[in-house]
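For reference, my_file.tsv is printed below; it contains TSV, C-alpha atoms.
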chain	number	residue	atom	x	y	z
L	1	MET	CA	-22.92	-2.93	-17.95
L	2	LEU	CA	-19.88	-0.83	-18.34
L	3	ILE	CA	-17.69	-1.24	-15.34
L	4	PHE	CA	-15.40	1.68	-14.74
L	5	ASN	CA	-12.18	0.38	-13.30
L	6	ILE	CA	-8.54	1.19	-12.83
L	7	PHE	CA	-7.82	0.65	-16.49
L	8	ASP	CA	-10.50	3.01	-17.64
L	9	LEU	CA	-9.06	5.44	-15.16
L	10	LEU	CA	-5.64	5.00	-16.69
L	11	ILE	CA	-7.04	5.65	-20.14
L	12	VAL	CA	-8.63	8.80	-18.77
L	13	ILE	CA	-5.29	9.78	-17.26
L	14	CYS	CA	-3.40	9.18	-20.46
L	15	LYS	CA	-5.81	10.57	-23.01
L	16	TYR	CA	-8.39	12.95	-21.58
L	17	LYS	CA	-6.02	14.83	-19.36
L	18	LYS	CA	-3.96	15.81	-22.36
L	19	MET	CA	-7.09	16.72	-24.28
L	20	LEU	CA	-8.41	18.86	-21.44
L	21	ARG	CA	-5.16	20.73	-21.31
L	22	VAL	CA	-5.28	21.43	-25.02
L	23	LEU	CA	-8.72	22.91	-24.47
L	24	PHE	CA	-7.33	25.05	-21.61
L	25	ILE	CA	-9.64	23.36	-19.14
L	26	LYS	CA	-7.96	22.52	-15.88
L	27	PRO	CA	-8.80	18.92	-15.07
L	28	ILE	CA	-9.59	19.72	-11.45
L	29	TYR	CA	-11.81	16.73	-11.01
L	30	PHE	CA	-9.21	14.30	-12.22
L	31	LYS	CA	-7.25	14.51	-8.98
L	32	LEU	CA	-10.42	14.30	-6.97
L	33	ILE	CA	-11.63	11.20	-8.75
L	34	ALA	CA	-8.22	9.61	-8.43
L	35	PHE	CA	-8.19	10.40	-4.73
L	36	LEU	CA	-11.68	9.06	-4.18
L	37	PHE	CA	-10.68	5.94	-6.05
L	38	ILE	CA	-7.60	5.37	-3.93
L	39	VAL	CA	-9.59	5.84	-0.74
L	40	SER	CA	-12.21	3.52	-2.14
L	41	ILE	CA	-9.64	0.81	-2.78
L	42	SER	CA	-9.01	0.53	0.93
L	43	GLY	CA	-12.62	-0.13	1.60
L	44	ASN	CA	-13.19	-2.54	-1.22
L	45	LYS	CA	-13.04	-5.63	0.91
L	46	LEU	CA	-16.11	-4.60	2.79
L	47	TRP	CA	-18.34	-6.00	0.15
L	48	SER	CA	-16.90	-9.43	0.03
L	49	GLN	CA	-17.05	-9.69	3.81
L	50	LYS	CA	-20.56	-8.28	4.22
L	51	HIS	CA	-19.43	-5.29	6.20
L	52	GLN	CA	-21.43	-2.15	5.93
L	53	ASN	CA	-19.25	0.74	6.96
L	54	PHE	CA	-15.67	1.89	6.61
L	55	GLU	CA	-14.43	4.77	8.71
L	56	ALA	CA	-10.94	6.16	9.13
L	57	LYS	CA	-8.84	9.21	9.73
L	58	PHE	CA	-6.82	10.06	6.66
L	59	THR	CA	-3.89	12.23	5.72
L	60	MET	CA	-3.13	12.84	2.09
L	61	MET	CA	-0.03	14.59	0.85
L	62	GLU	CA	0.66	15.42	-2.73
L	63	ARG	CA	3.35	17.16	-4.71
L	64	ASN	CA	3.17	18.27	-8.32
L	65	THR	CA	6.57	18.95	-9.84
L	66	LEU	CA	5.33	20.84	-12.89
L	67	LYS	CA	3.27	23.35	-10.95
L	68	ASN	CA	5.65	23.22	-7.99
L	69	THR	CA	2.68	22.93	-5.67
L	70	SER	CA	1.96	20.77	-2.66
L	71	MET	CA	-1.19	19.78	-0.89
L	72	LEU	CA	-1.79	18.40	2.54
L	73	MET	CA	-5.28	17.28	3.38
L	74	LYS	CA	-6.40	15.79	6.67
L	75	GLY	CA	-9.74	14.59	7.93
L	76	ASN	CA	-12.07	11.67	8.30
L	77	VAL	CA	-13.56	9.46	5.64
L	78	ASN	CA	-16.67	7.39	5.99
L	79	PHE	CA	-18.14	5.06	3.44
L	80	SER	CA	-21.54	3.55	4.02
L	81	LYS	CA	-22.70	0.69	1.88
L	82	LEU	CA	-26.27	1.03	3.09
L	83	THR	CA	-26.66	4.59	1.85
L	84	ASN	CA	-23.95	4.27	-0.82
L	85	THR	CA	-22.48	7.50	0.50
L	86	LEU	CA	-18.91	8.62	0.79
L	87	ILE	CA	-18.33	11.41	3.30
L	88	PHE	CA	-15.14	13.36	3.79
L	89	GLU	CA	-14.88	15.63	6.78
L	90	ILE	CA	-11.83	17.70	5.96
L	91	ASN	CA	-10.23	19.71	8.73
L	92	PHE	CA	-7.03	20.83	7.01
L	93	PRO	CA	-6.13	23.08	5.18
L	94	ASN	CA	-9.69	24.42	5.51
L	95	VAL	CA	-12.76	22.93	7.11
L	96	GLN	CA	-15.08	21.42	4.55
L	97	LYS	CA	-17.41	18.50	4.26
L	98	TRP	CA	-17.73	16.58	1.02
L	99	ILE	CA	-20.60	14.24	0.45
L	100	VAL	CA	-20.57	11.99	-2.60
L	101	ARG	CA	-23.81	10.22	-3.36
L	102	ASP	CA	-25.01	8.92	-6.73
L	103	SER	CA	-21.99	10.56	-8.41
L	104	ILE	CA	-23.00	14.01	-7.10
L	105	LEU	CA	-20.36	15.75	-5.03
L	106	LYS	CA	-21.65	18.38	-2.65
L	107	LYS	CA	-19.17	20.54	-0.78
L	108	TYR	CA	-20.28	22.11	2.47
L	109	GLU	CA	-18.84	24.83	4.66
L	110	GLY	CA	-20.80	24.51	7.87
L	111	ASP	CA	-24.34	23.74	6.78
L	112	VAL	CA	-24.08	25.74	3.58
L	113	VAL	CA	-23.57	24.01	0.25
L	114	ILE	CA	-20.74	25.88	-1.45
L	115	SER	CA	-20.63	23.80	-4.59
L	116	GLU	CA	-22.31	20.93	-6.25
L	117	SER	CA	-20.91	18.99	-9.16
L	118	VAL	CA	-21.27	15.74	-11.01
L	119	LEU	CA	-18.31	13.43	-10.89
L	120	THR	CA	-18.45	11.80	-14.28
L	121	GLY	CA	-17.55	8.17	-14.04
L	122	TYR	CA	-17.55	8.09	-10.28
L	123	GLN	CA	-20.77	6.14	-9.97
L	124	ASP	CA	-19.25	3.44	-12.09
L	125	LEU	CA	-16.10	3.75	-10.09
L	126	VAL	CA	-18.03	2.86	-6.95
L	127	VAL	CA	-18.55	-0.53	-8.51
L	128	PHE	CA	-15.31	-1.34	-6.78
L	129	LYS	CA	-17.42	-3.62	-4.66
L	130	GLU	CA	-17.25	-6.02	-7.56
L	131	LEU	CA	-13.54	-5.64	-7.86
L	132	LEU	CA	-11.45	-7.46	-5.35
L	133	GLU	CA	-8.06	-6.46	-6.62
L	134	LEU	CA	-6.33	-6.57	-3.31
L	135	LYS	CA	-7.87	-9.88	-2.42
L	136	SER	CA	-6.86	-11.47	-5.70
L	137	ASN	CA	-3.36	-9.98	-5.41
L	138	ASP	CA	-3.25	-9.16	-9.08
L	139	PHE	CA	-4.99	-5.76	-9.04
L	140	GLY	CA	-7.72	-7.24	-11.22
L	141	LEU	CA	-5.26	-7.66	-14.10
L	142	LYS	CA	-6.20	-11.24	-14.93
L	143	GLN	CA	-9.87	-10.37	-14.94
L	144	HIS	CA	-9.18	-7.65	-17.50
L	145	GLY	CA	-7.32	-9.78	-19.98
L	146	PHE	CA	-3.73	-9.32	-18.83
L	147	GLU	CA	-1.62	-12.42	-19.17
L	148	MET	CA	1.03	-13.54	-16.74
L	149	SER	CA	4.29	-13.56	-18.64
L	150	ASP	CA	6.79	-14.19	-15.89
L	151	VAL	CA	6.98	-15.01	-12.20
L	152	SER	CA	9.96	-14.66	-9.90
L	153	SER	CA	10.53	-14.26	-6.20
L	154	GLN	CA	12.99	-12.79	-3.77
L	155	ASP	CA	12.93	-12.65	0.02
L	156	GLY	CA	9.38	-13.96	0.13
L	157	THR	CA	8.04	-11.37	-2.30
L	158	VAL	CA	6.57	-12.71	-5.51
L	159	TYR	CA	6.99	-10.50	-8.59
L	160	VAL	CA	4.70	-11.13	-11.53
L	161	GLN	CA	5.05	-9.51	-14.91
L	162	TRP	CA	1.87	-9.14	-16.93
L	163	THR	CA	1.47	-8.43	-20.63
L	164	PRO	CA	-1.56	-6.36	-21.58
L	165	PRO	CA	-4.44	-7.28	-23.88
L	166	PRO	CA	-4.39	-5.60	-27.34
L	167	SER	CA	-6.56	-2.68	-26.21
L	168	PHE	CA	-3.88	-1.55	-23.75
L	169	LYS	CA	-0.85	-2.30	-25.89
L	170	THR	CA	-0.84	1.20	-27.36
L	171	PHE	CA	0.34	2.65	-24.06
L	172	VAL	CA	1.11	-0.20	-21.63
L	173	LYS	CA	4.10	-2.41	-22.32
L	174	TYR	CA	3.81	-4.50	-19.20
L	175	VAL	CA	2.70	-4.38	-15.59
L	176	THR	CA	4.63	-5.65	-12.61
L	177	THR	CA	2.94	-6.66	-9.36
L	178	ALA	CA	4.57	-7.53	-6.06
L	179	ALA	CA	2.87	-9.64	-3.39
L	180	LYS	CA	4.07	-10.85	-0.03
L	181	ASP	CA	2.25	-13.15	2.38
L	182	ASN	CA	-0.64	-13.20	-0.09
L	183	LEU	CA	-1.02	-9.42	0.14
L	184	LEU	CA	-0.53	-7.06	-2.76
L	185	GLN	CA	2.46	-4.82	-2.06
L	186	GLY	CA	2.51	-2.79	-5.22
L	187	VAL	CA	1.87	-2.44	-8.89
L	188	ILE	CA	3.92	-0.65	-11.55
L	189	PHE	CA	2.62	0.21	-15.02
L	190	THR	CA	5.36	0.55	-17.64
L	191	ASP	CA	4.61	2.26	-20.92
L	192	ILE	CA	5.85	1.42	-24.41
L	193	ASP	CA	8.89	3.68	-23.90
L	194	ASP	CA	9.89	1.66	-20.81
L	195	LYS	CA	8.84	4.49	-18.51
L	196	ASP	CA	7.11	3.51	-15.27
L	197	PHE	CA	4.22	5.92	-15.60
L	198	ASN	CA	2.14	4.80	-12.66
L	199	THR	CA	3.21	3.17	-9.44
L	200	THR	CA	1.02	2.34	-6.49
L	201	LEU	CA	2.41	0.76	-3.34
L	202	PHE	CA	0.32	-0.70	-0.54
L	203	GLU	CA	2.21	-0.61	2.71
L	204	GLU	CA	1.89	-1.13	6.45
L	205	TYR	CA	-0.97	-3.60	6.36
L	206	ALA	CA	-2.96	-3.84	9.54
L	207	TYR	CA	-5.69	-6.32	10.30
L	208	VAL	CA	-8.94	-4.64	11.18
L	209	ASP	CA	-11.75	-7.03	11.98
L	210	ASP	CA	-9.66	-9.76	10.30
L	211	LEU	CA	-9.37	-7.72	7.13
L	212	PRO	CA	-5.96	-6.63	5.87
L	213	ILE	CA	-6.03	-2.88	5.27
L	214	PRO	CA	-3.04	-1.00	3.80
L	215	MET	CA	-2.53	1.90	6.20
L	216	LYS	CA	-0.23	3.65	3.75
L	217	ILE	CA	-0.77	3.99	0.02
L	218	VAL	CA	2.03	5.52	-2.01
L	219	GLN	CA	1.53	6.70	-5.55
L	220	HIS	CA	3.72	8.12	-8.26
L	221	PHE	CA	2.28	9.28	-11.54
L	222	GLU	CA	4.61	10.40	-14.28
L	223	ALA	CA	3.21	12.25	-17.28
L	224	LYS	CA	5.08	13.83	-20.17
L	225	GLU	CA	5.71	17.06	-18.30
L	226	GLU	CA	4.62	16.62	-14.72
L	227	GLN	CA	5.16	14.15	-11.94
L	228	ILE	CA	2.70	13.70	-9.12
L	229	TYR	CA	3.81	12.14	-5.86
L	230	LYS	CA	1.14	11.15	-3.41
L	231	THR	CA	0.88	9.36	-0.10
L	232	ILE	CA	-2.24	8.55	1.86
L	233	TYR	CA	-2.17	7.42	5.46
L	234	PHE	CA	-5.05	5.88	7.34
L	235	GLU	CA	-5.46	5.81	11.09
L	236	ASN	CA	-8.13	4.53	13.45
L	237	VAL	CA	-9.71	2.37	10.81
L	238	GLN	CA	-13.06	0.99	11.85
L	239	ILE	CA	-15.03	-1.53	9.89
L	240	ARG	CA	-18.53	-2.41	10.95
D	1	MET	CA	25.76	-49.37	-29.54
D	2	TYR	CA	27.09	-46.66	-31.83
D	3	TYR	CA	23.51	-45.54	-32.54
D	4	PHE	CA	22.82	-45.28	-28.79
D	5	TRP	CA	26.03	-43.33	-28.20
D	6	SER	CA	25.35	-40.83	-30.99
D	7	LYS	CA	21.77	-40.39	-29.74
D	8	LEU	CA	23.07	-39.65	-26.26
D	9	LYS	CA	25.50	-37.06	-27.65
D	10	THR	CA	22.66	-35.39	-29.56
D	11	MET	CA	20.50	-35.30	-26.43
D	12	LYS	CA	23.42	-33.87	-24.50
D	13	LYS	CA	23.66	-31.06	-27.04
D	14	VAL	CA	19.95	-30.44	-26.74
D	15	TYR	CA	20.22	-30.30	-22.95
D	16	ILE	CA	23.13	-27.86	-23.10
D	17	LEU	CA	21.29	-25.72	-25.60
D	18	PHE	CA	18.20	-25.75	-23.41
D	19	LEU	CA	20.25	-24.86	-20.34
D	20	LEU	CA	21.96	-21.99	-22.13
D	21	SER	CA	18.63	-20.70	-23.38
D	22	PHE	CA	17.18	-20.86	-19.90
D	23	VAL	CA	20.15	-19.05	-18.35
D	24	SER	CA	20.07	-16.33	-21.00
D	25	PHE	CA	16.29	-15.94	-20.53
D	26	VAL	CA	16.71	-15.56	-16.79
D	27	MET	CA	19.62	-13.17	-17.18
D	28	PHE	CA	18.35	-10.99	-20.02
D	29	GLY	CA	14.77	-11.68	-20.92
D	30	GLY	CA	12.89	-12.73	-17.81
D	31	ASN	CA	11.55	-10.79	-14.87
D	32	ASP	CA	14.65	-10.35	-12.75
D	33	PRO	CA	13.46	-10.35	-9.12
D	34	VAL	CA	16.40	-8.21	-7.97
D	35	LYS	CA	15.60	-5.65	-10.64
D	36	SER	CA	11.91	-5.67	-9.71
D	37	ALA	CA	12.67	-5.37	-5.99
D	38	THR	CA	15.03	-2.46	-6.70
D	39	LYS	CA	12.41	-0.76	-8.83
D	40	PHE	CA	9.78	-0.96	-6.09
D	41	SER	CA	12.15	0.23	-3.35
D	42	GLN	CA	13.46	3.07	-5.55
D	43	LYS	CA	9.92	4.28	-6.17
D	44	GLN	CA	9.24	4.19	-2.46
D	45	SER	CA	12.33	6.28	-1.68
D	46	GLU	CA	11.61	8.69	-4.52
D	47	VAL	CA	8.10	9.45	-3.23
D	48	ASN	CA	9.38	9.76	0.35
D	49	ASP	CA	12.09	12.19	-0.75
D	50	GLN	CA	9.63	14.33	-2.69
D	51	LEU	CA	7.19	14.46	0.21
D	52	PHE	CA	9.79	14.96	2.91
D	53	LYS	CA	8.90	18.60	3.63
D	54	ILE	CA	5.17	17.89	3.63
D	55	GLN	CA	5.84	15.06	6.11
D	56	GLU	CA	7.57	17.67	8.25
D	57	ILE	CA	4.50	19.95	8.04
D	58	ASP	CA	2.29	17.01	8.97
D	59	ARG	CA	4.47	16.32	12.00
D	60	ILE	CA	4.14	19.96	13.10
D	61	LEU	CA	0.37	19.85	12.65
D	62	LYS	CA	0.14	16.72	14.79
D	63	GLU	CA	2.26	18.21	17.53
D	64	GLU	CA	0.90	21.74	17.58
D	65	GLN	CA	-2.69	21.28	16.34
D	66	ILE	CA	-2.65	24.54	14.37
D	67	THR	CA	-4.62	25.89	11.41
D	68	TYR	CA	-3.25	26.72	7.97
D	69	SER	CA	-3.01	30.45	8.70
D	70	GLU	CA	-1.20	29.79	11.99
D	71	LEU	CA	1.14	27.41	10.20
D	72	ALA	CA	1.83	29.99	7.46
D	73	ALA	CA	2.54	32.65	10.08
D	74	LYS	CA	4.77	30.49	12.25
D	75	TYR	CA	6.59	28.52	9.56
D	76	PRO	CA	6.55	30.76	6.44
D	77	ASP	CA	9.72	29.26	5.01
D	78	LEU	CA	8.33	25.76	5.09
D	79	VAL	CA	4.98	26.79	3.62
D	80	ASN	CA	6.65	28.83	0.88
D	81	ALA	CA	9.20	26.15	0.10
D	82	THR	CA	6.47	23.59	-0.47
D	83	ASN	CA	4.03	26.11	-1.99
D	84	LEU	CA	1.39	24.45	0.15
D	85	ALA	CA	-2.18	25.02	-1.04
D	86	PRO	CA	-4.27	27.03	1.45
D	87	THR	CA	-7.49	25.34	0.44
D	88	VAL	CA	-8.47	21.90	-0.71
D	89	ASP	CA	-9.21	22.74	-4.31
D	90	GLU	CA	-8.92	26.16	-5.84
D	91	GLY	CA	-9.03	25.26	-9.50
D	92	ILE	CA	-8.36	28.07	-11.92
D	93	PHE	CA	-8.58	30.70	-9.19
D	94	GLU	CA	-5.38	29.56	-7.54
D	95	LYS	CA	-2.45	31.90	-7.46
D	96	SER	CA	1.17	31.10	-7.80
D	97	ALA	CA	3.77	32.07	-5.21
D	98	ASP	CA	4.89	34.95	-7.38
D	99	SER	CA	1.61	36.01	-8.98
D	100	PRO	CA	1.66	39.76	-9.65
D	101	LEU	CA	0.51	41.58	-6.47
D	102	GLY	CA	-0.55	38.19	-5.10
D	103	ILE	CA	-3.63	38.24	-7.33
D	104	PRO	CA	-4.41	35.03	-9.22
D	105	GLY	CA	-3.84	35.12	-12.98
D	106	PHE	CA	-7.53	34.47	-13.65
D	107	TRP	CA	-8.56	37.83	-12.17
D	108	TRP	CA	-5.84	39.71	-14.06
D	109	GLY	CA	-7.24	38.33	-17.29
D	110	PHE	CA	-10.85	38.82	-16.26
D	111	CYS	CA	-10.48	42.46	-15.16
D	112	LEU	CA	-7.86	43.77	-17.57
D	113	GLY	CA	-8.28	41.45	-20.52
D	114	VAL	CA	-5.27	41.14	-22.81
D	115	VAL	CA	-3.42	43.80	-20.79
D	116	GLY	CA	-3.83	41.66	-17.65
D	117	LEU	CA	-2.58	38.64	-19.54
D	118	ILE	CA	0.52	40.59	-20.63
D	119	ILE	CA	1.11	41.84	-17.06
D	120	VAL	CA	1.05	38.24	-15.78
D	121	TYR	CA	3.35	37.11	-18.56
D	122	VAL	CA	5.89	39.93	-18.13
D	123	SER	CA	5.96	40.08	-14.34
D	124	MET	CA	6.47	36.38	-13.67
D	125	ASP	CA	9.61	34.36	-14.11
D	126	GLU	CA	9.68	31.80	-16.85
D	127	GLY	CA	8.52	28.35	-15.79
D	128	ALA	CA	5.58	26.11	-15.12
D	129	ASP	CA	3.98	28.61	-12.74
D	130	ARG	CA	3.97	31.36	-15.32
D	131	LYS	CA	2.55	29.02	-17.91
D	132	GLU	CA	-0.26	28.04	-15.53
D	133	GLN	CA	-1.06	31.61	-14.49
D	134	VAL	CA	-1.00	32.90	-18.06
D	135	LYS	CA	-3.36	30.09	-18.99
D	136	ASN	CA	-5.67	31.09	-16.12
D	137	ALA	CA	-5.42	34.73	-17.21
D	138	LEU	CA	-6.40	33.68	-20.72
D	139	ILE	CA	-9.42	31.83	-19.34
D	140	GLY	CA	-10.34	34.94	-17.32
D	141	CYS	CA	-9.86	37.08	-20.42
D	142	VAL	CA	-12.07	34.85	-22.57
D	143	ILE	CA	-14.77	34.69	-19.89
D	144	ALA	CA	-14.68	38.50	-19.51
D	145	TYR	CA	-15.03	39.00	-23.26
D	146	GLY	CA	-17.79	36.41	-23.33
D	147	VAL	CA	-19.66	38.24	-20.59
D	148	PHE	CA	-19.11	41.57	-22.36
D	149	LEU	CA	-20.29	40.14	-25.69
D	150	LEU	CA	-23.37	38.68	-24.04
D	151	PHE	CA	-24.12	41.99	-22.36
D	152	TYR	CA	-23.57	43.83	-25.67
D	153	LEU	CA	-25.88	41.46	-27.57
D	154	VAL	CA	-28.60	41.70	-24.94
D	155	LEU	CA	-28.29	45.49	-24.91
D	156	TRP	CA	-28.53	45.74	-28.69
D	157	GLY	CA	-31.32	43.20	-28.68
D	158	VAL	CA	-33.31	45.41	-26.34
D	159	LEU	CA	-32.49	48.56	-28.33
D	160	PHE	CA	-33.36	46.89	-31.63
D	161	SER	CA	-36.70	45.65	-30.36
D	162	THR	CA	-37.45	49.18	-29.09
D	163	THR	CA	-36.56	50.63	-32.52
D	164	VAL	CA	-38.82	48.14	-34.28
D	165	ASP	CA	-41.64	49.03	-31.93
D	166	ALA	CA	-41.00	52.72	-32.55
D	167	SER	CA	-40.96	52.26	-36.30
D	168	THR	CA	-44.30	50.53	-36.18
D	169	THR	CA	-45.78	53.14	-33.89
D	170	ILE	CA	-44.40	56.36	-35.34
D	171	PRO	CA	-46.01	56.16	-38.80
D	172	THR	CA	-49.39	55.79	-37.17
D	173	MET	CA	-48.65	58.79	-35.02
D	174	ILE	CA	-47.41	60.70	-38.03
D	175	ALA	CA	-50.39	59.60	-39.98
D	176	GLY	CA	-52.61	60.68	-37.08
D	177	SER	CA	-50.98	64.08	-36.82
D	178	CYS	CA	-51.25	64.58	-40.52

Give the structure from this file in structure tokens form.
Amino acid sequence: MLIFNIFDLLIVICKYKKMLRVLFIKPIYFKLIAFLFIVSISGNKLWSQKHQNFEAKFTMMERNTLKNTSMLMKGNVNFSKLTNTLIFEINFPNVQKWIVRDSILKKYEGDVVISESVLTGYQDLVVFKELLELKSNDFGLKQHGFEMSDVSSQDGTVYVQWTPPPSFKTFVKYVTTAAKDNLLQGVIFTDIDDKDFNTTLFEEYAYVDDLPIPMKIVQHFEAKEEQIYKTIYFENVQIR
Amino acid sequence: MYYFWSKLKTMKKVYILFLLSFVSFVMFGGNDPVKSATKFSQKQSEVNDQLFKIQEIDRILKEEQITYSELAAKYPDLVNATNLAPTVDEGIFEKSADSPLGIPGFWWGFCLGVVGLIIVYVSMDEGADRKEQVKNALIGCVIAYGVFLLFYLVLWGVLFSTTVDASTTIPTMIAGSC
């Protein structure tokens, strides 16, 4: 079974986004999938701990330097393992409800469905229950053929440099992870031109029902022309 | 004794060589923890700096519990400075801050075709926004022409089928009248 994971996502970022632009198609679902993925990451420990539901208030802020646009989105997110449903109740900038089930995204305004679309790849993305990147502290790198090339530490933080398997060597030179107190603090992907093209930081861990949850996720994506800065905050996290 | 002494000297050289290699690896080739730590903290500051104004908007929203339109009315400078999106996802229908007459590029292209595209191109300042809006106008233009072409084909299809019917009917009528 093909498991869609962070690396597939990176390939999509690097290749398809460029292709879509050439075809004058705005990759509007790219951001959405990336966002859903990031939110999903926070809930990925549910599966290993036999929890059924993840609920939280979220705030997502994003800035795109190329388009000179910003986005601020606030609301509640709920993921249910039983129904395999991801629900976003957005209350800013406009009130909408998004329900993602079986890779179908339905957007509601009130009780009316305003749009329905298929999120290609999302169903596979939900297989994050099999990925325990945060738990393993290596972002799943080892599992996907990355080899540890160097380890160093400073002030209690362990930095590991990973070299990619041949399939990633065309665009990834190495990956650096940082972990402290056995918790993943961040991961930086560096391309063959020594540019850090994707950085994700997991900050402000809080223990909810004995599970460490990063209450702040910071992301920086750097493409050829644009840079996307993103931060997601979680509040009132409940795991049942 | 001499053999032992020379062996020791050789080993000493090997040790020194090994030590030098190790030091040079740590200094130049290995994963320098200070460098890595700096890289992570720099990224953190960079993102925080870029999102500073949006953080400010978020603080206002928390304190005042207002909607987007209220925010735009009360803090226009902040909303304009960040070019904050009024909806979650507007796709190709989104307008730029300086779209002509505040109408998104897509609709210029859709309604006025190539002329709309030129209006968007000429009236906006050079930059990423113009590029995006012109692209949207082009999409609008192509869709409009596609719709027109489809309409034209359907229309001619209907007319053609009517003509064929007429041509098969008229001779009989003519024949009948004759």

Could you please tell me, as a list of chain:residue names, which residues of chain L have an atom within 7 Å of chain D when using all atoms listed in the file?
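Close enough to count are L:Phe24, L:Lys26, L:Ile28, L:Met61, L:Arg63, L:Leu66, L:Lys67, L:Asn68, L:Thr69, L:Ser70, L:Met71, L:Met73, L:Pro93, L:Asn94, L:Asp150, L:Val151, L:Ser152, L:Ser153, L:Gln154, L:Tyr159, L:Gln161, L:His220, L:Tyr229.
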
If I take CA of Val158 (chain L) and CA of Ala178 (chain L), how far is one from the other in Å, to one decimal?
5.6 Å

Between CA of Lys173 (chain L) and CA of Val160 (chain L), what is the distance in Å, rounded to a tenth?
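Computing it gives 13.9 Å between the two atoms.
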
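Distance annotation: of L:Asp138, L:Glu62, L:Glu109, L:Glu226, the residue with the minimal separation from Glu89 (chain L) is L:Glu109; atom set is only C-alpha atoms.
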